[in-house]
$ cat coords15.cif   # mmCIF, C-alpha atoms
data_structure
loop_
_atom_site.group_PDB
_atom_site.id
_atom_site.type_symbol
_atom_site.label_atom_id
_atom_site.label_comp_id
_atom_site.auth_asym_id
_atom_site.auth_seq_id
_atom_site.Cartn_x
_atom_site.Cartn_y
_atom_site.Cartn_z
ATOM 1 C CA MET N 208 76.741 29.258 135.029
ATOM 2 C CA TYR N 209 78.211 32.591 133.996
ATOM 3 C CA MET N 210 81.684 31.076 133.908
ATOM 4 C CA LEU N 211 80.695 28.460 131.348
ATOM 5 C CA PHE N 212 79.976 30.944 128.563
ATOM 6 C CA ALA N 213 81.790 33.733 126.767
ATOM 7 C CA PRO N 214 79.997 37.099 127.218
ATOM 8 C CA GLU N 215 78.109 36.947 123.899
ATOM 9 C CA ALA N 216 77.146 33.304 124.411
ATOM 10 C CA ALA N 217 76.047 34.128 127.970
ATOM 11 C CA LYS N 218 73.637 36.767 126.646
ATOM 12 C CA LYS N 219 72.154 34.221 124.241
ATOM 13 C CA GLU N 220 71.832 31.657 127.030
ATOM 14 C CA ILE N 221 70.048 34.181 129.254
ATOM 15 C CA GLU N 222 67.643 34.948 126.408
ATOM 16 C CA ARG N 223 67.060 31.225 125.901
ATOM 17 C CA LEU N 224 66.349 30.680 129.576
ATOM 18 C CA ARG N 225 64.021 33.688 129.727
ATOM 19 C CA SER N 226 62.076 32.296 126.787
ATOM 20 C CA LEU N 227 61.448 29.101 128.771
ATOM 21 C CA VAL N 228 59.692 30.788 131.662
ATOM 22 C CA THR N 229 55.958 31.169 131.269
ATOM 23 C CA GLY N 230 55.047 32.945 134.496
ATOM 24 C CA PRO N 231 55.798 36.456 135.748
ATOM 25 C CA GLN N 232 59.263 37.768 135.060
ATOM 26 C CA TYR N 233 59.725 38.909 138.680
ATOM 27 C CA PRO N 234 60.467 42.527 137.709
ATOM 28 C CA GLU N 235 60.634 43.889 141.257
ATOM 29 C CA MET N 236 62.724 41.109 142.780
ATOM 30 C CA GLU N 237 66.470 41.149 142.988
ATOM 31 C CA MET N 238 67.424 37.849 141.418
ATOM 32 C CA ASN N 239 70.374 36.176 143.061
ATOM 33 C CA GLY N 240 71.137 32.703 144.340
ATOM 34 C CA PHE N 241 69.330 33.270 147.624
ATOM 35 C CA THR N 242 66.164 34.444 145.885
ATOM 36 C CA VAL N 243 66.251 31.628 143.351
ATOM 37 C CA PHE N 244 66.587 28.911 145.990
ATOM 38 C CA LYS N 245 63.882 30.550 148.111
ATOM 39 C CA LEU N 246 61.522 30.496 145.111
ATOM 40 C CA LEU N 247 62.567 26.913 144.424
ATOM 41 C CA GLU N 248 61.667 25.905 147.981
ATOM 42 C CA GLU N 249 58.303 27.632 147.543
ATOM 43 C CA GLY N 250 57.677 25.483 144.473
ATOM 44 C CA ASP N 251 57.760 28.193 141.809
ATOM 45 C CA PRO N 252 57.169 26.276 138.542
ATOM 46 C CA ASP N 253 59.452 28.425 136.374
ATOM 47 C CA ILE N 254 62.330 28.307 138.818
ATOM 48 C CA THR N 255 61.797 24.570 139.288
ATOM 49 C CA TYR N 256 61.924 24.094 135.515
ATOM 50 C CA LEU N 257 65.130 26.116 135.204
ATOM 51 C CA TYR N 258 66.678 24.350 138.193
ATOM 52 C CA ASN N 259 65.968 20.964 136.637
ATOM 53 C CA ASP N 260 67.432 22.224 133.361
ATOM 54 C CA LEU N 261 70.565 23.266 135.257
ATOM 55 C CA LEU N 262 70.795 19.853 136.933
ATOM 56 C CA ASP N 263 70.365 18.065 133.595
ATOM 57 C CA ASN N 264 73.138 20.148 132.027
ATOM 58 C CA LEU N 265 75.513 19.736 134.966
ATOM 59 C CA THR N 266 74.893 15.985 135.053
ATOM 60 C CA THR N 267 75.610 15.722 131.326
ATOM 61 C CA MET N 268 78.825 17.734 131.698
ATOM 62 C CA ILE N 269 79.996 15.708 134.691
ATOM 63 C CA VAL N 270 79.317 12.338 133.067
ATOM 64 C CA THR N 271 80.967 13.486 129.838
ATOM 65 C CA LEU N 272 84.040 14.736 131.692
ATOM 66 C CA ALA N 273 84.123 11.500 133.684
ATOM 67 C CA HIS N 274 84.498 9.573 130.440
ATOM 68 C CA VAL N 275 87.269 11.828 129.194
ATOM 69 C CA CYS N 276 89.252 12.359 132.414
ATOM 70 C CA ASP N 277 88.259 9.414 134.650
ATOM 71 C CA PRO N 278 88.513 11.386 137.935
ATOM 72 C CA ASP N 279 87.802 10.024 141.400
ATOM 73 C CA ARG N 280 85.824 13.101 142.388
ATOM 74 C CA PHE N 281 84.092 16.191 141.032
ATOM 75 C CA VAL N 282 83.930 19.143 143.394
ATOM 76 C CA ILE N 283 81.526 22.038 143.032
ATOM 77 C CA GLY N 284 82.804 25.375 144.325
ATOM 78 C CA GLY N 285 81.601 28.943 144.350
ATOM 79 C CA GLY N 286 78.586 30.470 146.021
ATOM 80 C CA ILE N 287 76.205 27.865 144.660
ATOM 81 C CA SER N 288 78.067 25.132 146.532
ATOM 82 C CA LYS N 289 76.755 26.587 149.804
ATOM 83 C CA GLU N 290 73.314 25.297 148.846
ATOM 84 C CA PRO N 291 73.143 21.713 150.165
ATOM 85 C CA ARG N 292 70.146 20.929 147.992
ATOM 86 C CA LEU N 293 72.133 21.424 144.793
ATOM 87 C CA ILE N 294 74.834 18.964 145.778
ATOM 88 C CA ALA N 295 72.304 16.371 146.982
ATOM 89 C CA ASP N 296 70.165 16.724 143.845
ATOM 90 C CA LEU N 297 73.216 16.517 141.607
ATOM 91 C CA GLN N 298 74.411 13.386 143.399
ATOM 92 C CA GLN N 299 70.973 11.828 142.861
ATOM 93 C CA ARG N 300 70.991 12.678 139.163
ATOM 94 C CA VAL N 301 74.445 11.208 138.669
ATOM 95 C CA ALA N 302 73.431 8.064 140.587
ATOM 96 C CA LYS N 303 70.367 7.729 138.358
ATOM 97 C CA VAL N 304 72.534 7.901 135.234
ATOM 98 C CA ARG N 305 74.808 5.262 136.756
ATOM 99 C CA GLU N 306 71.847 2.950 137.370
ATOM 100 C CA GLN N 307 70.650 3.354 133.796
ATOM 101 C CA TYR N 308 74.063 2.918 132.183
ATOM 102 C CA ILE N 309 76.003 0.972 134.789
ATOM 103 C CA ILE N 310 78.754 -0.217 132.450
ATOM 104 C CA ALA N 311 79.297 3.084 130.659
ATOM 105 C CA VAL N 312 79.735 5.429 133.637
ATOM 106 C CA PRO N 313 83.060 5.347 135.512
ATOM 107 C CA GLY N 314 83.110 5.464 139.301
ATOM 108 C CA PHE N 315 83.434 8.890 140.905
ATOM 109 C CA ASP N 316 81.663 11.019 143.479
ATOM 110 C CA VAL N 317 80.314 14.573 143.460
ATOM 111 C CA GLN N 318 80.625 16.838 146.460
ATOM 112 C CA ALA N 319 80.943 20.439 147.529
ATOM 113 C CA CYS N 320 84.386 21.981 147.508
ATOM 114 C CA TYR N 321 86.004 22.190 150.944
ATOM 115 C CA TYR N 322 86.349 25.975 150.657
ATOM 116 C CA ARG N 323 82.840 26.403 149.163
ATOM 117 C CA SER N 324 82.332 30.004 148.025
ATOM 118 C CA SER N 325 85.873 31.004 148.993
ATOM 119 C CA ALA N 326 87.492 28.538 146.580
ATOM 120 C CA ASN N 327 88.112 31.248 143.986
ATOM 121 C CA LEU N 328 89.863 33.442 146.557
ATOM 122 C CA TYR N 329 92.195 30.656 147.623
ATOM 123 C CA GLY N 330 92.907 29.858 143.989
ATOM 124 C CA ALA N 331 93.646 33.491 143.192
ATOM 125 C CA MET N 332 95.907 33.776 146.228
ATOM 126 C CA TYR N 333 97.754 30.589 145.249
ATOM 127 C CA ASN N 334 98.301 31.872 141.705
ATOM 128 C CA TRP N 335 99.525 35.216 143.023
ATOM 129 C CA LEU N 336 101.934 33.495 145.409
ATOM 130 C CA GLN N 337 103.231 31.261 142.618
ATOM 131 C CA LYS N 338 103.911 34.279 140.450
ATOM 132 C CA TYR N 339 105.336 36.747 142.978
ATOM 133 C CA HIS N 340 106.534 34.572 145.876
ATOM 134 C CA PRO N 341 107.250 31.095 144.520
ATOM 135 C CA ASP N 342 109.513 30.360 147.501
ATOM 136 C CA GLN N 343 106.446 30.490 149.792
ATOM 137 C CA VAL N 344 104.406 27.967 147.794
ATOM 138 C CA PHE N 345 104.763 24.330 148.624
#

$ encode --input "coords15.cif" --output "structure tokens"
Amino acid sequence: MYMLFAPEAAKKEIERLRSLVTGPQYPEMEMNGFTVFKLLEEGDPDITYLYNDLLDNLTTMIVTLAHVCDPDRFVIGGGISKEPRLIADLQQRVAKVREQYIIAVPGFDVQACYYRSSANLYGAMYNWLQKYHPDQVF
């Protein structure tokens, strides 16, 4: 989610999300994707709430982009794409929107990027090759 916001907006979004949690703030835990999904599997109510909020926002963005761009597929990359639950839950949410608004939602699928968490590295390498060795890019 950090890539969706400018630094100042990201700080405001973090404050907003923190204001939504009602339980302990987990001061002694290192919060990262692994910890969050572990807490989600354990049924932590705050993490579950935030996860559902994330899914709602991603679903809204995907459906909105589908109307604008009409793609065949949306791929999710980065470290979060390693979590199979996210992709499955996102696919379910999108399918639910399709059932509710069958005429309004174009056909497309959602899946994990082939390179998963390494997608950014391949993209960076491709850009570097294009800039400094364009003869090696096909």

$ atom_distance --input "coords15.cif" --atom1 "CA of Tyr308 in chain N" --atom2 "CA of Met268 in chain N"
15.6 Å

$ atom_distance --input "coords15.cif" --atom1 "CA of Arg280 in chain N" --atom2 "CA of Leu261 in chain N"
19.7 Å

$ residues_near_point --input "coords15.cif" --point "(79.1, 29.1, 147.3)" --cutoff "10 Å" --atoms "only C-alpha atoms" --output "ChimeraX atom specification"
/N:240,283-291,319-320,322-327

$ atom_distance --input "coords15.cif" --atom1 "CA of Phe244 in chain N" --atom2 "CA of Tyr256 in chain N"
12.4 Å

$ resolve_selection --input "coords15.cif" --expression "the PyMOL selection byres ((chain N and resi 313) around 12)" --output "PDB file with C-alpha atoms, keeping the file's coordinate frame"
ATOM      1  CA  ILE N 269      79.996  15.708 134.691  1.00  0.00           C
ATOM      2  CA  VAL N 270      79.317  12.338 133.067  1.00  0.00           C
ATOM      3  CA  THR N 271      80.967  13.486 129.838  1.00  0.00           C
ATOM      4  CA  LEU N 272      84.040  14.736 131.692  1.00  0.00           C
ATOM      5  CA  ALA N 273      84.123  11.500 133.684  1.00  0.00           C
ATOM      6  CA  HIS N 274      84.498   9.573 130.440  1.00  0.00           C
ATOM      7  CA  VAL N 275      87.269  11.828 129.194  1.00  0.00           C
ATOM      8  CA  CYS N 276      89.252  12.359 132.414  1.00  0.00           C
ATOM      9  CA  ASP N 277      88.259   9.414 134.650  1.00  0.00           C
ATOM     10  CA  PRO N 278      88.513  11.386 137.935  1.00  0.00           C
ATOM     11  CA  ASP N 279      87.802  10.024 141.400  1.00  0.00           C
ATOM     12  CA  ARG N 280      85.824  13.101 142.388  1.00  0.00           C
ATOM     13  CA  VAL N 301      74.445  11.208 138.669  1.00  0.00           C
ATOM     14  CA  ALA N 302      73.431   8.064 140.587  1.00  0.00           C
ATOM     15  CA  VAL N 304      72.534   7.901 135.234  1.00  0.00           C
ATOM     16  CA  ARG N 305      74.808   5.262 136.756  1.00  0.00           C
ATOM     17  CA  GLU N 306      71.847   2.950 137.370  1.00  0.00           C
ATOM     18  CA  TYR N 308      74.063   2.918 132.183  1.00  0.00           C
ATOM     19  CA  ILE N 309      76.003   0.972 134.789  1.00  0.00           C
ATOM     20  CA  ILE N 310      78.754  -0.217 132.450  1.00  0.00           C
ATOM     21  CA  ALA N 311      79.297   3.084 130.659  1.00  0.00           C
ATOM     22  CA  VAL N 312      79.735   5.429 133.637  1.00  0.00           C
ATOM     23  CA  GLY N 314      83.110   5.464 139.301  1.00  0.00           C
ATOM     24  CA  PHE N 315      83.434   8.890 140.905  1.00  0.00           C
ATOM     25  CA  ASP N 316      81.663  11.019 143.479  1.00  0.00           C
TER      26      ASP N 316
END

$ residues_near_point --input "coords15.cif" --point "(77.5, 12.7, 144.9)" --cutoff "6 Å" --atoms "only C-alpha atoms" --output "PyMOL selection string"
chain N and resi 298+316-318

$ closest_residue --input "coords15.cif" --among "N:Ala216, N:Val344, N:Leu297, N:Leu246" --to "Thr267 in chain N" --atoms "all atoms listed in the file"
N:Leu297
